[in-house]
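Worksheet: one structure, shown below.
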Amino acid sequence: MALAFPDQLYDAVFDGAQVTSKTPIRLYGGALLSISLIMWNALYTAEKVIIRWTLLTEACYFGVQFLVVTATLAETGLVSLGILLLLASRLLFVAISVYYYYQVGRKPKKV
């Protein structure tokens, strides 16, 4: 949606504020597409190292996205329910990714 319809995505998140430039929204869509392709290819591997690096990449991406959105909110002062849900979902995704990152790296218990 960010690649094809940046105006609608911006409107949904920022509650009707005017779009000043479509380029950052399209770059966001491109980054999401790239991360999704990495995640898709990681589904077909059995190596723990690749799975862990993929989870770490995802956690870093969502962490950076959380920081960028928070900094943008501090600069503009625009706060809406859509933005708060976006921030909450990013924190949840970081927590889930980090949890699985540590779980995949643990040594199996001997029975």
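Numbering starts fresh at 1 for the residues of each chain in the structure tokens, the chains themselves are lettered A, B, ... in the order given, and ligands are numbered from 1 as they appear.
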- Selection: 8 Å around stretch 44-52 of chain A, only C-alpha atoms, excl. self and same-chain fewer than 3 positions, as a ChimeraX atom specification: /A:40-41,55-56,101,104-105
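Using only C-alpha atoms, the residues found no farther than 12 Å from A:Lys22, other than those of its own chain fewer than 5 positions away, are Ala2, Leu3, Ala4, Phe5, Pro6, Asp7, Gln8, Leu9, Tyr10, Asp11, Leu27, Tyr28 and Gly29 of chain A.
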Generate the output file for the selected residues, all heavy atoms, as an mmCIF file, in the first residue's frame.
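Once everything was written out, this is selection29.cif:
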data_model
loop_
_atom_site.group_PDB
_atom_site.id
_atom_site.type_symbol
_atom_site.label_atom_id
_atom_site.label_comp_id
_atom_site.auth_asym_id
_atom_site.auth_seq_id
_atom_site.Cartn_x
_atom_site.Cartn_y
_atom_site.Cartn_z
ATOM 1 N N ALA A 2 1.994 1.192 0.718
ATOM 2 C CA ALA A 2 2.880 2.362 0.779
ATOM 3 C C ALA A 2 3.538 2.642 -0.566
ATOM 4 O O ALA A 2 3.825 3.789 -0.880
ATOM 5 C CB ALA A 2 3.946 2.163 1.850
ATOM 6 N N LEU A 3 3.775 1.605 -1.361
ATOM 7 C CA LEU A 3 4.378 1.812 -2.678
ATOM 8 C C LEU A 3 3.374 2.350 -3.693
ATOM 9 O O LEU A 3 3.674 3.248 -4.462
ATOM 10 C CB LEU A 3 4.973 0.499 -3.194
ATOM 11 C CG LEU A 3 6.277 0.050 -2.544
ATOM 12 C CD1 LEU A 3 6.637 -1.346 -3.024
ATOM 13 C CD2 LEU A 3 7.381 1.015 -2.844
ATOM 14 N N ALA A 4 2.178 1.780 -3.682
ATOM 15 C CA ALA A 4 1.189 2.123 -4.705
ATOM 16 C C ALA A 4 0.311 3.315 -4.330
ATOM 17 O O ALA A 4 -0.009 4.137 -5.181
ATOM 18 C CB ALA A 4 0.311 0.905 -4.993
ATOM 19 N N PHE A 5 -0.096 3.397 -3.062
ATOM 20 C CA PHE A 5 -1.032 4.435 -2.633
ATOM 21 C C PHE A 5 -0.503 5.171 -1.396
ATOM 22 O O PHE A 5 -1.052 5.030 -0.298
ATOM 23 C CB PHE A 5 -2.400 3.830 -2.310
ATOM 24 C CG PHE A 5 -2.955 2.979 -3.407
ATOM 25 C CD1 PHE A 5 -3.002 1.599 -3.277
ATOM 26 C CD2 PHE A 5 -3.407 3.550 -4.578
ATOM 27 C CE1 PHE A 5 -3.505 0.805 -4.295
ATOM 28 C CE2 PHE A 5 -3.910 2.773 -5.601
ATOM 29 C CZ PHE A 5 -3.963 1.390 -5.456
ATOM 30 N N PRO A 6 0.557 5.953 -1.531
ATOM 31 C CA PRO A 6 1.131 6.616 -0.345
ATOM 32 C C PRO A 6 0.195 7.636 0.301
ATOM 33 O O PRO A 6 0.226 7.817 1.514
ATOM 34 C CB PRO A 6 2.397 7.279 -0.878
ATOM 35 C CG PRO A 6 2.190 7.405 -2.341
ATOM 36 C CD PRO A 6 1.290 6.274 -2.743
ATOM 37 N N ASP A 7 -0.659 8.277 -0.489
ATOM 38 C CA ASP A 7 -1.578 9.267 0.078
ATOM 39 C C ASP A 7 -2.562 8.633 1.054
ATOM 40 O O ASP A 7 -2.827 9.167 2.129
ATOM 41 C CB ASP A 7 -2.353 9.981 -1.033
ATOM 42 C CG ASP A 7 -1.463 10.842 -1.900
ATOM 43 O OD1 ASP A 7 -0.433 11.319 -1.396
ATOM 44 O OD2 ASP A 7 -1.809 11.027 -3.084
ATOM 45 N N GLN A 8 -3.115 7.479 0.681
ATOM 46 C CA GLN A 8 -4.089 6.811 1.533
ATOM 47 C C GLN A 8 -3.457 6.308 2.825
ATOM 48 O O GLN A 8 -4.063 6.386 3.892
ATOM 49 C CB GLN A 8 -4.767 5.645 0.792
ATOM 50 C CG GLN A 8 -5.776 6.083 -0.237
ATOM 51 C CD GLN A 8 -5.142 6.522 -1.540
ATOM 52 O OE1 GLN A 8 -3.944 6.401 -1.744
ATOM 53 N NE2 GLN A 8 -5.956 7.054 -2.437
ATOM 54 N N LEU A 9 -2.236 5.787 2.745
ATOM 55 C CA LEU A 9 -1.552 5.317 3.952
ATOM 56 C C LEU A 9 -1.256 6.486 4.883
ATOM 57 O O LEU A 9 -1.482 6.397 6.096
ATOM 58 C CB LEU A 9 -0.258 4.587 3.586
ATOM 59 C CG LEU A 9 0.539 4.053 4.773
ATOM 60 C CD1 LEU A 9 -0.239 2.951 5.472
ATOM 61 C CD2 LEU A 9 1.882 3.542 4.323
ATOM 62 N N TYR A 10 -0.779 7.581 4.343
ATOM 63 C CA TYR A 10 -0.480 8.766 5.149
ATOM 64 C C TYR A 10 -1.751 9.292 5.804
ATOM 65 O O TYR A 10 -1.748 9.656 6.979
ATOM 66 C CB TYR A 10 0.159 9.838 4.275
ATOM 67 C CG TYR A 10 0.788 10.966 5.049
ATOM 68 C CD1 TYR A 10 2.097 10.886 5.477
ATOM 69 C CD2 TYR A 10 0.054 12.108 5.355
ATOM 70 C CE1 TYR A 10 2.684 11.924 6.186
ATOM 71 C CE2 TYR A 10 0.631 13.152 6.069
ATOM 72 C CZ TYR A 10 1.941 13.049 6.481
ATOM 73 O OH TYR A 10 2.510 14.068 7.186
ATOM 74 N N ASP A 11 -2.843 9.300 5.061
ATOM 75 C CA ASP A 11 -4.116 9.769 5.594
ATOM 76 C C ASP A 11 -4.617 8.867 6.713
ATOM 77 O O ASP A 11 -5.144 9.338 7.717
ATOM 78 C CB ASP A 11 -5.145 9.842 4.471
ATOM 79 C CG ASP A 11 -6.451 10.464 4.921
ATOM 80 O OD1 ASP A 11 -6.396 11.477 5.653
ATOM 81 O OD2 ASP A 11 -7.515 9.931 4.564
ATOM 82 N N LEU A 27 9.667 5.011 0.095
ATOM 83 C CA LEU A 27 10.876 4.367 0.624
ATOM 84 C C LEU A 27 10.529 3.420 1.769
ATOM 85 O O LEU A 27 11.114 2.342 1.901
ATOM 86 C CB LEU A 27 11.876 5.424 1.097
ATOM 87 C CG LEU A 27 12.589 6.206 0.002
ATOM 88 C CD1 LEU A 27 13.403 7.330 0.604
ATOM 89 C CD2 LEU A 27 13.451 5.290 -0.831
ATOM 90 N N TYR A 28 9.582 3.815 2.598
ATOM 91 C CA TYR A 28 9.089 2.952 3.669
ATOM 92 C C TYR A 28 8.495 1.671 3.083
ATOM 93 O O TYR A 28 8.773 0.572 3.563
ATOM 94 C CB TYR A 28 8.048 3.717 4.493
ATOM 95 C CG TYR A 28 7.231 2.868 5.412
ATOM 96 C CD1 TYR A 28 7.780 2.340 6.572
ATOM 97 C CD2 TYR A 28 5.887 2.600 5.139
ATOM 98 C CE1 TYR A 28 7.010 1.559 7.418
ATOM 99 C CE2 TYR A 28 5.128 1.834 5.983
ATOM 100 C CZ TYR A 28 5.694 1.318 7.120
ATOM 101 O OH TYR A 28 4.941 0.545 7.961
ATOM 102 N N GLY A 29 7.711 1.803 2.026
ATOM 103 C CA GLY A 29 7.133 0.628 1.361
ATOM 104 C C GLY A 29 8.199 -0.271 0.768
ATOM 105 O O GLY A 29 8.111 -1.499 0.841
#
- Message: Considering only helix (DSSP H, G or I) as DSSP defines it on the backbone, what residues of chain A qualify? List them as a VMD selection string.
- Response: chain A and resid 6 to 14 23 to 42 48 to 76 81 to 105
- Task: Compare A:Lys107, A:Ala95, A:Thr23, A:Val13 by their minimum atom-to-atom distance to A:Ala59, counting only C-alpha atoms, and give me the closest one.
- Result: A:Ala95
- Query: Quick one: distance from atom CA of A:Gly30 to atom CA of A:Leu86 in Å, one decimal?
  - Reply: 17.9 Å
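The shortest atom-to-atom distance to A:Phe93, with only C-alpha atoms taken into account, belongs to A:Tyr61 out of A:Tyr61, A:Val69, A:Pro108, A:Ala74.
Residues with any atom within 12 Å of A:Leu85, counting only C-alpha atoms and excluding same-chain neighbours fewer than 5 positions away, are Ala12, Val13, Phe14, Phe66, Val69, Val79, Ser80, Arg90, Leu91 and Leu92 of chain A.
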